[in-house]
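Student: query-v4.pdb (PDB, C-alpha atoms and all ligand atoms) pasted underneath:
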MODEL        1
ATOM      1  CA  PRO B   1     -55.184   4.597  25.808
ATOM      2  CA  ILE B   2     -53.208   6.493  28.431
ATOM      3  CA  THR B   3     -53.863  10.145  28.968
ATOM      4  CA  ALA B   4     -50.839  12.209  29.863
ATOM      5  CA  ARG B   5     -50.659  14.243  33.016
ATOM      6  CA  VAL B   6     -50.786  17.883  31.928
ATOM      7  CA  ILE B   7     -47.993  19.759  33.700
ATOM      8  CA  ASP B   8     -49.333  23.010  35.146
ATOM      9  CA  GLY B   9     -46.492  25.446  34.489
ATOM     10  CA  ARG B  10     -48.575  28.403  35.650
ATOM     11  CA  ALA B  11     -49.108  26.919  39.091
ATOM     12  CA  PHE B  12     -45.490  25.798  39.332
ATOM     13  CA  ALA B  13     -44.254  29.268  38.343
ATOM     14  CA  ALA B  14     -46.593  30.960  40.832
ATOM     15  CA  ASP B  15     -45.193  28.722  43.562
ATOM     16  CA  LEU B  16     -41.618  29.560  42.562
ATOM     17  CA  ARG B  17     -42.422  33.291  42.589
ATOM     18  CA  THR B  18     -43.814  32.942  46.118
ATOM     19  CA  ARG B  19     -40.592  31.255  47.227
ATOM     20  CA  VAL B  20     -38.577  34.040  45.567
ATOM     21  CA  ARG B  21     -40.663  36.677  47.351
ATOM     22  CA  ASP B  22     -40.089  34.996  50.716
ATOM     23  CA  GLU B  23     -36.355  34.813  50.024
ATOM     24  CA  VAL B  24     -36.268  38.492  49.011
ATOM     25  CA  ALA B  25     -38.008  39.423  52.282
ATOM     26  CA  ARG B  26     -35.514  37.347  54.270
ATOM     27  CA  LEU B  27     -32.561  38.919  52.447
ATOM     28  CA  ALA B  28     -33.972  42.407  52.988
ATOM     29  CA  ASP B  29     -34.200  41.676  56.732
ATOM     30  CA  SER B  30     -30.676  40.336  57.015
ATOM     31  CA  THR B  31     -28.857  42.749  54.657
ATOM     32  CA  GLY B  32     -31.028  45.871  54.599
ATOM     33  CA  GLN B  33     -30.973  45.743  50.804
ATOM     34  CA  THR B  34     -33.315  44.304  48.174
ATOM     35  CA  PRO B  35     -32.083  42.708  44.920
ATOM     36  CA  GLY B  36     -32.379  44.925  41.846
ATOM     37  CA  LEU B  37     -32.958  43.840  38.244
ATOM     38  CA  ALA B  38     -32.190  46.164  35.320
ATOM     39  CA  VAL B  39     -34.065  45.449  32.090
ATOM     40  CA  VAL B  40     -32.846  47.106  28.905
ATOM     41  CA  LEU B  41     -35.136  47.331  25.885
ATOM     42  CA  VAL B  42     -34.000  48.825  22.584
ATOM     43  CA  GLY B  43     -36.576  49.647  19.913
ATOM     44  CA  GLU B  44     -40.248  48.952  19.370
ATOM     45  CA  ASP B  45     -40.595  45.173  18.907
ATOM     46  CA  ALA B  46     -44.161  44.465  20.083
ATOM     47  CA  ALA B  47     -43.506  41.019  21.590
ATOM     48  CA  SER B  48     -40.421  42.358  23.410
ATOM     49  CA  HIS B  49     -42.506  45.143  24.961
ATOM     50  CA  VAL B  50     -44.993  42.589  26.297
ATOM     51  CA  TYR B  51     -42.177  40.430  27.759
ATOM     52  CA  VAL B  52     -40.505  43.438  29.371
ATOM     53  CA  ARG B  53     -43.787  44.674  30.875
ATOM     54  CA  ASN B  54     -44.357  41.256  32.430
ATOM     55  CA  LYS B  55     -40.791  41.063  33.735
ATOM     56  CA  VAL B  56     -41.053  44.506  35.351
ATOM     57  CA  ARG B  57     -44.403  43.708  36.975
ATOM     58  CA  GLN B  58     -43.299  40.356  38.346
ATOM     59  CA  THR B  59     -39.992  41.801  39.594
ATOM     60  CA  ARG B  60     -41.930  44.358  41.652
ATOM     61  CA  GLU B  61     -44.439  41.765  42.859
ATOM     62  CA  ALA B  62     -41.514  39.717  44.174
ATOM     63  CA  GLY B  63     -40.455  42.723  46.273
ATOM     64  CA  MET B  64     -37.380  43.482  44.174
ATOM     65  CA  GLN B  65     -36.305  46.749  42.590
ATOM     66  CA  SER B  66     -36.880  47.102  38.872
ATOM     67  CA  HIS B  67     -34.724  49.479  36.842
ATOM     68  CA  GLU B  68     -36.134  49.939  33.333
ATOM     69  CA  HIS B  69     -34.176  51.417  30.455
ATOM     70  CA  GLN B  70     -36.116  51.917  27.231
ATOM     71  CA  LEU B  71     -33.937  53.159  24.410
ATOM     72  CA  PRO B  72     -34.940  54.281  20.893
ATOM     73  CA  ALA B  73     -34.542  51.879  17.947
ATOM     74  CA  GLU B  74     -31.696  53.973  16.504
ATOM     75  CA  THR B  75     -29.546  53.704  19.678
ATOM     76  CA  SER B  76     -25.871  53.214  18.805
ATOM     77  CA  GLN B  77     -23.830  50.295  20.055
ATOM     78  CA  GLU B  78     -21.560  52.771  21.845
ATOM     79  CA  ASP B  79     -24.468  54.251  23.819
ATOM     80  CA  LEU B  80     -25.800  50.810  24.738
ATOM     81  CA  LEU B  81     -22.346  49.678  25.902
ATOM     82  CA  ALA B  82     -22.038  52.873  27.966
ATOM     83  CA  LEU B  83     -25.346  52.081  29.694
ATOM     84  CA  ILE B  84     -24.217  48.528  30.418
ATOM     85  CA  ALA B  85     -20.969  49.848  31.915
ATOM     86  CA  ARG B  86     -23.010  52.070  34.243
ATOM     87  CA  LEU B  87     -25.263  49.165  35.262
ATOM     88  CA  ASN B  88     -22.211  46.935  35.849
ATOM     89  CA  ALA B  89     -20.854  49.574  38.247
ATOM     90  CA  ASP B  90     -24.179  50.273  40.000
ATOM     91  CA  PRO B  91     -24.274  48.518  43.406
ATOM     92  CA  SER B  92     -28.095  48.605  43.484
ATOM     93  CA  VAL B  93     -28.233  46.513  40.285
ATOM     94  CA  HIS B  94     -27.642  42.778  40.804
ATOM     95  CA  GLY B  95     -29.046  41.451  37.547
ATOM     96  CA  ILE B  96     -28.895  42.885  34.020
ATOM     97  CA  LEU B  97     -31.113  41.675  31.216
ATOM     98  CA  VAL B  98     -30.874  43.009  27.678
ATOM     99  CA  GLN B  99     -34.034  42.038  25.834
ATOM    100  CA  LEU B 100     -33.304  40.311  22.512
ATOM    101  CA  PRO B 101     -33.530  40.698  19.564
ATOM    102  CA  LEU B 102     -31.502  43.914  19.243
ATOM    103  CA  PRO B 103     -31.714  46.217  16.203
ATOM    104  CA  ALA B 104     -29.417  45.369  13.287
ATOM    105  CA  GLN B 105     -26.834  48.117  13.925
ATOM    106  CA  ILE B 106     -25.952  46.527  17.276
ATOM    107  CA  ASP B 107     -23.630  43.519  17.661
ATOM    108  CA  THR B 108     -25.580  41.241  20.035
ATOM    109  CA  HIS B 109     -22.539  39.139  21.010
ATOM    110  CA  ALA B 110     -20.531  42.230  21.922
ATOM    111  CA  VAL B 111     -23.364  43.513  24.101
ATOM    112  CA  ILE B 112     -23.774  40.210  25.953
ATOM    113  CA  GLN B 113     -20.021  39.948  26.552
ATOM    114  CA  ALA B 114     -20.038  43.478  28.018
ATOM    115  CA  ILE B 115     -22.365  42.448  30.859
ATOM    116  CA  ASP B 116     -20.609  41.620  34.146
ATOM    117  CA  PRO B 117     -20.922  37.781  34.236
ATOM    118  CA  ALA B 118     -21.896  37.997  37.913
ATOM    119  CA  LYS B 119     -24.925  40.097  36.871
ATOM    120  CA  ASP B 120     -25.726  38.095  33.715
ATOM    121  CA  VAL B 121     -29.084  36.714  34.877
ATOM    122  CA  ASP B 122     -29.885  35.455  31.363
ATOM    123  CA  GLY B 123     -26.801  33.215  31.537
ATOM    124  CA  PHE B 124     -25.743  34.100  27.968
ATOM    125  CA  HIS B 125     -22.226  35.449  28.693
ATOM    126  CA  ILE B 126     -19.514  33.031  27.558
ATOM    127  CA  ASN B 127     -18.186  32.841  31.126
ATOM    128  CA  ASN B 128     -21.501  31.449  32.281
ATOM    129  CA  VAL B 129     -21.800  29.213  29.208
ATOM    130  CA  GLY B 130     -18.332  27.842  29.972
ATOM    131  CA  LEU B 131     -19.016  27.414  33.681
ATOM    132  CA  LEU B 132     -22.187  25.451  32.910
ATOM    133  CA  GLY B 133     -20.360  23.318  30.343
ATOM    134  CA  THR B 134     -17.603  22.461  32.816
ATOM    135  CA  GLY B 135     -19.922  21.667  35.715
ATOM    136  CA  GLN B 136     -19.161  24.799  37.731
ATOM    137  CA  LYS B 137     -21.407  27.301  39.475
ATOM    138  CA  ALA B 138     -22.955  29.400  36.691
ATOM    139  CA  LEU B 139     -25.934  31.621  36.093
ATOM    140  CA  VAL B 140     -28.106  29.337  33.947
ATOM    141  CA  PRO B 141     -30.383  30.514  31.085
ATOM    142  CA  CYS B 142     -33.931  30.942  32.384
ATOM    143  CA  THR B 143     -35.987  28.805  29.976
ATOM    144  CA  PRO B 144     -33.819  25.663  30.279
ATOM    145  CA  LEU B 145     -33.593  26.188  34.054
ATOM    146  CA  GLY B 146     -37.389  26.285  34.210
ATOM    147  CA  CYS B 147     -37.575  23.097  32.151
ATOM    148  CA  LEU B 148     -35.154  21.364  34.501
ATOM    149  CA  MET B 149     -37.253  22.327  37.526
ATOM    150  CA  LEU B 150     -40.378  20.894  35.867
ATOM    151  CA  LEU B 151     -38.533  17.676  35.003
ATOM    152  CA  ARG B 152     -37.194  17.232  38.526
ATOM    153  CA  ALA B 153     -40.674  17.760  39.950
ATOM    154  CA  GLU B 154     -42.077  15.210  37.523
ATOM    155  CA  LEU B 155     -39.378  12.542  37.667
ATOM    156  CA  GLY B 156     -37.173  13.114  40.706
ATOM    157  CA  SER B 157     -33.742  11.901  39.639
ATOM    158  CA  LEU B 158     -33.032  12.142  35.916
ATOM    159  CA  GLU B 159     -29.968   9.923  36.138
ATOM    160  CA  GLY B 160     -29.513   7.478  33.278
ATOM    161  CA  ARG B 161     -32.564   8.619  31.358
ATOM    162  CA  ARG B 162     -32.464   8.988  27.614
ATOM    163  CA  ALA B 163     -33.179  12.613  26.709
ATOM    164  CA  LEU B 164     -33.626  14.283  23.337
ATOM    165  CA  VAL B 165     -33.467  18.049  22.877
ATOM    166  CA  VAL B 166     -34.920  19.157  19.550
ATOM    167  CA  GLY B 167     -33.469  22.579  18.693
ATOM    168  CA  ALA B 168     -29.898  23.720  19.248
ATOM    169  CA  SER B 169     -30.112  27.466  19.912
ATOM    170  CA  ASN B 170     -27.758  29.200  22.340
ATOM    171  CA  ILE B 171     -30.664  30.353  24.491
ATOM    172  CA  VAL B 172     -32.648  27.112  24.801
ATOM    173  CA  GLY B 173     -31.424  23.919  23.127
ATOM    174  CA  LYS B 174     -27.694  23.938  23.894
ATOM    175  CA  PRO B 175     -27.921  24.984  27.562
ATOM    176  CA  MET B 176     -30.819  22.540  28.013
ATOM    177  CA  ALA B 177     -28.626  19.711  26.764
ATOM    178  CA  GLN B 178     -25.802  20.776  29.131
ATOM    179  CA  LEU B 179     -28.174  20.777  32.102
ATOM    180  CA  LEU B 180     -29.476  17.306  31.235
ATOM    181  CA  LEU B 181     -25.928  16.039  30.835
ATOM    182  CA  ALA B 182     -25.071  17.460  34.262
ATOM    183  CA  GLU B 183     -28.066  15.488  35.588
ATOM    184  CA  LYS B 184     -26.475  12.347  34.115
ATOM    185  CA  CYS B 185     -29.000  11.843  31.324
ATOM    186  CA  THR B 186     -27.893  10.292  28.057
ATOM    187  CA  VAL B 187     -28.420  13.298  25.790
ATOM    188  CA  ALA B 188     -28.962  13.757  22.072
ATOM    189  CA  ILE B 189     -29.545  17.079  20.301
ATOM    190  CA  ALA B 190     -31.561  17.211  17.080
ATOM    191  CA  HIS B 191     -31.764  20.156  14.684
ATOM    192  CA  SER B 192     -32.889  21.032  11.183
ATOM    193  CA  ARG B 193     -30.395  18.618   9.527
ATOM    194  CA  THR B 194     -31.194  15.618  11.714
ATOM    195  CA  ARG B 195     -31.734  12.739   9.295
ATOM    196  CA  ASP B 196     -34.535  10.757  10.953
ATOM    197  CA  LEU B 197     -36.156  12.892  13.635
ATOM    198  CA  GLU B 198     -38.978  10.407  14.200
ATOM    199  CA  ALA B 199     -36.517   7.624  15.055
ATOM    200  CA  GLU B 200     -34.692   9.916  17.501
ATOM    201  CA  VAL B 201     -37.936  11.035  19.146
ATOM    202  CA  ARG B 202     -39.135   7.451  19.540
ATOM    203  CA  GLN B 203     -36.205   6.627  21.862
ATOM    204  CA  ALA B 204     -36.601   9.592  24.195
ATOM    205  CA  GLU B 205     -37.862   9.164  27.751
ATOM    206  CA  ILE B 206     -37.456  12.919  28.138
ATOM    207  CA  LEU B 207     -38.272  15.104  25.133
ATOM    208  CA  ILE B 208     -37.675  18.860  25.063
ATOM    209  CA  VAL B 209     -38.732  20.643  21.893
ATOM    210  CA  ALA B 210     -37.631  24.219  21.055
ATOM    211  CA  THR B 211     -37.731  24.810  17.310
ATOM    212  CA  GLY B 212     -40.413  27.395  16.553
ATOM    213  CA  VAL B 213     -42.030  24.951  14.079
ATOM    214  CA  PRO B 214     -45.728  24.608  15.013
ATOM    215  CA  GLY B 215     -46.833  21.005  15.522
ATOM    216  CA  LEU B 216     -43.483  19.557  14.371
ATOM    217  CA  ILE B 217     -43.798  16.485  16.619
ATOM    218  CA  PRO B 218     -46.973  14.354  16.215
ATOM    219  CA  GLY B 219     -48.101  12.091  19.044
ATOM    220  CA  HIS B 220     -47.448   8.840  17.190
ATOM    221  CA  TRP B 221     -43.688   9.598  17.125
ATOM    222  CA  LEU B 222     -43.459   9.564  20.930
ATOM    223  CA  ARG B 223     -42.179   6.798  23.146
ATOM    224  CA  PRO B 224     -45.185   5.796  25.286
ATOM    225  CA  GLY B 225     -44.934   7.368  28.733
ATOM    226  CA  ALA B 226     -42.360   9.983  27.712
ATOM    227  CA  VAL B 227     -42.180  13.276  29.592
ATOM    228  CA  VAL B 228     -42.606  16.008  26.979
ATOM    229  CA  LEU B 229     -41.744  19.683  27.503
ATOM    230  CA  ASP B 230     -42.857  21.932  24.668
ATOM    231  CA  VAL B 231     -40.908  25.214  24.625
ATOM    232  CA  GLY B 232     -42.303  26.456  21.310
ATOM    233  CA  ILE B 233     -44.525  29.520  21.236
ATOM    234  CA  ASN B 234     -46.055  29.954  17.789
ATOM    235  CA  ARG B 235     -48.829  32.284  16.677
ATOM    236  CA  VAL B 236     -50.984  30.516  14.083
ATOM    237  CA  GLU B 237     -54.445  30.984  12.605
ATOM    238  CA  ARG B 238     -57.076  28.391  13.496
ATOM    239  CA  GLU B 239     -60.613  28.845  12.221
ATOM    240  CA  GLY B 240     -60.033  32.542  11.559
ATOM    241  CA  LYS B 241     -58.618  33.239  15.023
ATOM    242  CA  GLU B 242     -55.010  33.767  16.077
ATOM    243  CA  VAL B 243     -53.999  31.184  18.677
ATOM    244  CA  LEU B 244     -50.774  30.091  20.383
ATOM    245  CA  VAL B 245     -49.535  26.569  19.743
ATOM    246  CA  GLY B 246     -46.372  24.692  20.606
ATOM    247  CA  ASP B 247     -43.924  22.627  18.562
ATOM    248  CA  VAL B 248     -45.653  19.404  19.664
ATOM    249  CA  ASP B 249     -49.116  18.421  18.470
ATOM    250  CA  PHE B 250     -50.759  18.499  21.887
ATOM    251  CA  ALA B 251     -54.002  16.674  21.050
ATOM    252  CA  SER B 252     -52.268  13.567  19.698
ATOM    253  CA  ALA B 253     -49.262  13.735  22.056
ATOM    254  CA  ARG B 254     -51.298  13.648  25.234
ATOM    255  CA  LYS B 255     -52.633  10.234  24.216
ATOM    256  CA  VAL B 256     -49.124   8.762  24.208
ATOM    257  CA  ALA B 257     -46.971  10.814  26.597
ATOM    258  CA  GLY B 258     -46.793  10.183  30.338
ATOM    259  CA  ALA B 259     -46.740  13.896  31.075
ATOM    260  CA  ILE B 260     -46.757  16.968  28.843
ATOM    261  CA  THR B 261     -46.685  20.757  29.098
ATOM    262  CA  PRO B 262     -49.455  22.686  27.337
ATOM    263  CA  VAL B 263     -48.918  25.844  25.269
ATOM    264  CA  PRO B 264     -49.707  28.333  26.664
ATOM    265  CA  GLY B 265     -49.409  27.652  30.400
ATOM    266  CA  GLY B 266     -46.508  25.175  30.410
ATOM    267  CA  VAL B 267     -42.863  26.140  30.049
ATOM    268  CA  GLY B 268     -43.595  29.810  29.231
ATOM    269  CA  PRO B 269     -44.500  31.052  32.741
ATOM    270  CA  MET B 270     -41.393  29.391  34.206
ATOM    271  CA  THR B 271     -39.017  31.635  32.262
ATOM    272  CA  ILE B 272     -39.739  34.890  34.122
ATOM    273  CA  ALA B 273     -39.989  33.078  37.458
ATOM    274  CA  CYS B 274     -36.480  31.706  36.850
ATOM    275  CA  LEU B 275     -35.257  35.184  35.903
ATOM    276  CA  LEU B 276     -36.390  36.389  39.347
ATOM    277  CA  ALA B 277     -34.739  33.371  40.987
ATOM    278  CA  ASN B 278     -31.486  34.071  39.102
ATOM    279  CA  THR B 279     -31.533  37.687  40.294
ATOM    280  CA  VAL B 280     -31.790  36.517  43.907
ATOM    281  CA  THR B 281     -28.957  34.040  43.256
ATOM    282  CA  ALA B 282     -26.785  36.824  41.786
ATOM    283  CA  PHE B 283     -27.532  39.032  44.793
ATOM    284  CA  ALA B 284     -26.642  36.276  47.272
ATOM    285  CA  ARG B 285     -23.392  35.437  45.489
ATOM    286  CA  ALA B 286     -22.394  39.111  45.248
ATOM    287  CA  ARG B 287     -22.677  39.327  49.033
ATOM    288  CA  GLY B 288     -21.120  35.958  49.779
ATOM    289  CA  LEU B 289     -24.383  34.676  51.283
ATOM    290  CA  PRO B 290     -25.504  31.038  51.038
ATOM    291  CA  GLU B 291     -27.180  30.057  47.755
ATOM    292  CA  PRO B 292     -30.981  30.329  47.911
ATOM    293  CA  ALA B 293     -32.656  26.898  47.882
TER
HETATM  294  P1  LIG F   1     -34.078  29.356  17.147
HETATM  295  O1  LIG F   1     -34.783  29.757  15.915
HETATM  296  O2  LIG F   1     -32.910  30.136  17.637
HETATM  297  O3  LIG F   1     -33.586  27.835  17.000
HETATM  298  C1  LIG F   1     -34.431  26.864  16.462
HETATM  299  C2  LIG F   1     -33.746  25.527  16.479
HETATM  300  O4  LIG F   1     -34.655  24.557  15.974
HETATM  301  C3  LIG F   1     -32.490  25.455  15.599
HETATM  302  O5  LIG F   1     -31.495  24.695  16.251
HETATM  303  C4  LIG F   1     -32.989  24.744  14.346
HETATM  304  O6  LIG F   1     -32.024  23.933  13.714
HETATM  305  C5  LIG F   1     -34.061  23.835  14.921
HETATM  306  N1  LIG F   1     -35.064  23.485  13.904
HETATM  307  C6  LIG F   1     -35.718  24.320  13.064
HETATM  308  N2  LIG F   1     -36.541  23.619  12.263
HETATM  309  C7  LIG F   1     -36.402  22.317  12.601
HETATM  310  C8  LIG F   1     -36.966  21.114  12.120
HETATM  311  N3  LIG F   1     -37.850  21.102  11.126
HETATM  312  N4  LIG F   1     -36.579  19.951  12.696
HETATM  313  C9  LIG F   1     -35.676  19.934  13.699
HETATM  314  N5  LIG F   1     -35.114  21.055  14.199
HETATM  315  C10 LIG F   1     -35.469  22.232  13.648
HETATM  316  O7  LIG F   1     -35.223  29.259  18.255
HETATM  317  P2  LIG F   1     -35.210  29.454  19.859
HETATM  318  O8  LIG F   1     -34.446  28.369  20.503
HETATM  319  O9  LIG F   1     -34.911  30.861  20.187
HETATM  320  O10 LIG F   1     -36.771  29.242  20.145
HETATM  321  C11 LIG F   1     -37.448  28.057  19.792
HETATM  322  C12 LIG F   1     -38.905  28.178  20.149
HETATM  323  O11 LIG F   1     -39.043  28.357  21.554
HETATM  324  C13 LIG F   1     -39.636  29.382  19.530
HETATM  325  O12 LIG F   1     -40.974  29.001  19.242
HETATM  326  C14 LIG F   1     -39.624  30.410  20.620
HETATM  327  O13 LIG F   1     -40.719  31.292  20.509
HETATM  328  C15 LIG F   1     -39.756  29.543  21.836
HETATM  329  N6  LIG F   1     -39.179  30.136  23.049
HETATM  330  C16 LIG F   1     -39.932  30.138  24.191
HETATM  331  C17 LIG F   1     -39.446  30.633  25.366
HETATM  332  C18 LIG F   1     -40.290  30.562  26.573
HETATM  333  O14 LIG F   1     -41.062  29.671  26.755
HETATM  334  N7  LIG F   1     -40.193  31.479  27.488
HETATM  335  C19 LIG F   1     -38.106  31.244  25.456
HETATM  336  C20 LIG F   1     -37.351  31.129  24.214
HETATM  337  C21 LIG F   1     -37.894  30.612  23.066
HETATM  338  P3  LIG F   1     -30.646  24.537  13.087
HETATM  339  O15 LIG F   1     -29.751  24.731  14.283
HETATM  340  O16 LIG F   1     -30.184  23.433  12.206
HETATM  341  O17 LIG F   1     -31.017  25.784  12.398
ENDMDL
END
Could you rewrite the structure in this file as structure tokens?
Tutor:
Amino acid sequence: PITARVIDGRAFAADLRTRVRDEVARLADSTGQTPGLAVVLVGEDAASHVYVRNKVRQTREAGMQSHEHQLPAETSQEDLLALIARLNADPSVHGILVQLPLPAQIDTHAVIQAIDPAKDVDGFHINNVGLLGTGQKALVPCTPLGCLMLLRAELGSLEGRRALVVGASNIVGKPMAQLLLAEKCTVAIAHSRTRDLEAEVRQAEILIVATGVPGLIPGHWLRPGAVVLDVGINRVEREGKEVLVGDVDFASARKVAGAITPVPGGVGPMTIACLLANTVTAFARARGLPEPA
């Protein structure tokens, strides 16, 4: 039996953060300014607080400015939109991230559309969605961008490969499929109503899974040698302990796949690293400087 290469997302992300830090230092030398990222958190969601803490820490470690805005759970949409208008106008802010999910009284779409697309480092604004879909220069959502970097490192050119994205959310599945299409893969997208998921999975040379269903894909469904990226982050109980697992059954999948990301330590660490990279990209574009490599 083959044993899959386990893709070390932590090491890859650390390397990307180092490159971002070097780029930030170079930009600071040439422009006298450092990129700034504003992170907006509304309410008390525990997981969101952990994500935001990590984003703030890694932003600072990369030598960038972090502007944190923590607002109470009962914040009105009007007040949040007023803050976003201020951040849009603030020349020291180059990236704006509003941590999702937002409390129920706030219209998430309206908030995302209020962000200046040039500062939309999450890539969720419809301008960026449309630019990506039409093959133009966009800010690309961080998790799919991280997946693409891992795939390129693993495979080089993706041209002509058969790819399946399982999950069709606006933040992962759909932009992932657009990126793969732009790389000239033959792309299918599966979701909860897909009739025969096993048959779809079996054909995929590249498999990206983002459903939030723990262990949805067993190893025996995979095409031998497939490159498997598991985006899922699920808290489950195993032998009385809470552990994190992905959407792919890792133990059986690694016996069939050619390469696979573990959970944790695979795709997850790439997301924040790509957020930092997007902030540098937004800064460079705002100043008409060449795109960072
Ligand atoms: P959503 O809940 O927004 O979307 C889930 C998608 O999976 C939907 O398209 C849904 O189909 C599909 N789906 C659900 N059940 C099945 C099934 N049984 N078979 C096939 N498809 C199914 O999730 P997200 O995209 O936001 O997140 C997905 C996972 O990725 C989560 O575990 C999340 O925690 C993780 N995640 C990790 C990130 C990271 O690594 N940094 C970042 C973002 C998310 P339908 O459209 O029909 O409803």
Student: Calculated over all atoms listed in the file, which of the candidates B:Asn88, B:Thr143, B:Thr75, B:Asn170 has the smallest distance to B:Ile126?
Tutor: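 Of all the options, B:Asn170 lies closest to B:Ile126.
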Student: Atom CA of B:Arg193 and atom CA of B:Leu216 are how many Å apart?
Tutor: 14.0 Å
Student: Could you write out as a PyMOL selection string the residues that the PyMOL selection byres (((chain B and resi 282-292) around 8) and not hetatm) matches in the shown file?
Tutor: chain B and resi 23+35+94-95+118-119+121+139+278-281+293
Student: Apply the PyMOL selection byres (((not hetatm)) within 8 of (chain F and resi 1)) to the displayed file and report the matching residues as number ranges by chain.
Tutor: B: 142-143, 166-173, 190-194, 197, 209-214, 216, 231-234, 246-247, 266-272
Student: Show me, as a list in words, the residues that have an atom within 10 Å of B:Leu100 when counting all atoms listed in the file, minus same-chain residues fewer than 5 positions from it.
Tutor: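 Surrounding residues, per the criterion: Val40, Leu41, Val42, Asp45, Ser48 and Thr108 of chain B.
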Student: Between B:Val52, B:Val227, B:Asn127, B:Ala89, which one has atoms that come closest to B:Arg152, using all atoms listed in the file?
Tutor: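 Result for the nearest residue to B:Arg152: B:Val227.
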Student: If we draw a sphere of 10 Å around (-48.9, 13.9, 15.3), which residues have at least one atom in it when counting all atoms listed in the file? Please report them as a PyMOL selection string.
Tutor: chain B and resi 215-222+248-253
Student: Evaluate the PyMOL selection byres (((chain B and resi 63-67) around 7) and not hetatm) here and jot the selected residues down as a list of chain:residue names.
Tutor: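 Taken over the shown coordinates, the PyMOL selection byres (((chain B and resi 63-67) around 7) and not hetatm) returns B:Arg21, B:Val24, B:Thr34, B:Pro35, B:Gly36, B:Leu37, B:Ala38, B:Val39, B:Val56, B:Thr59, B:Arg60, B:Glu61, B:Ala62, B:Glu68, B:His69.
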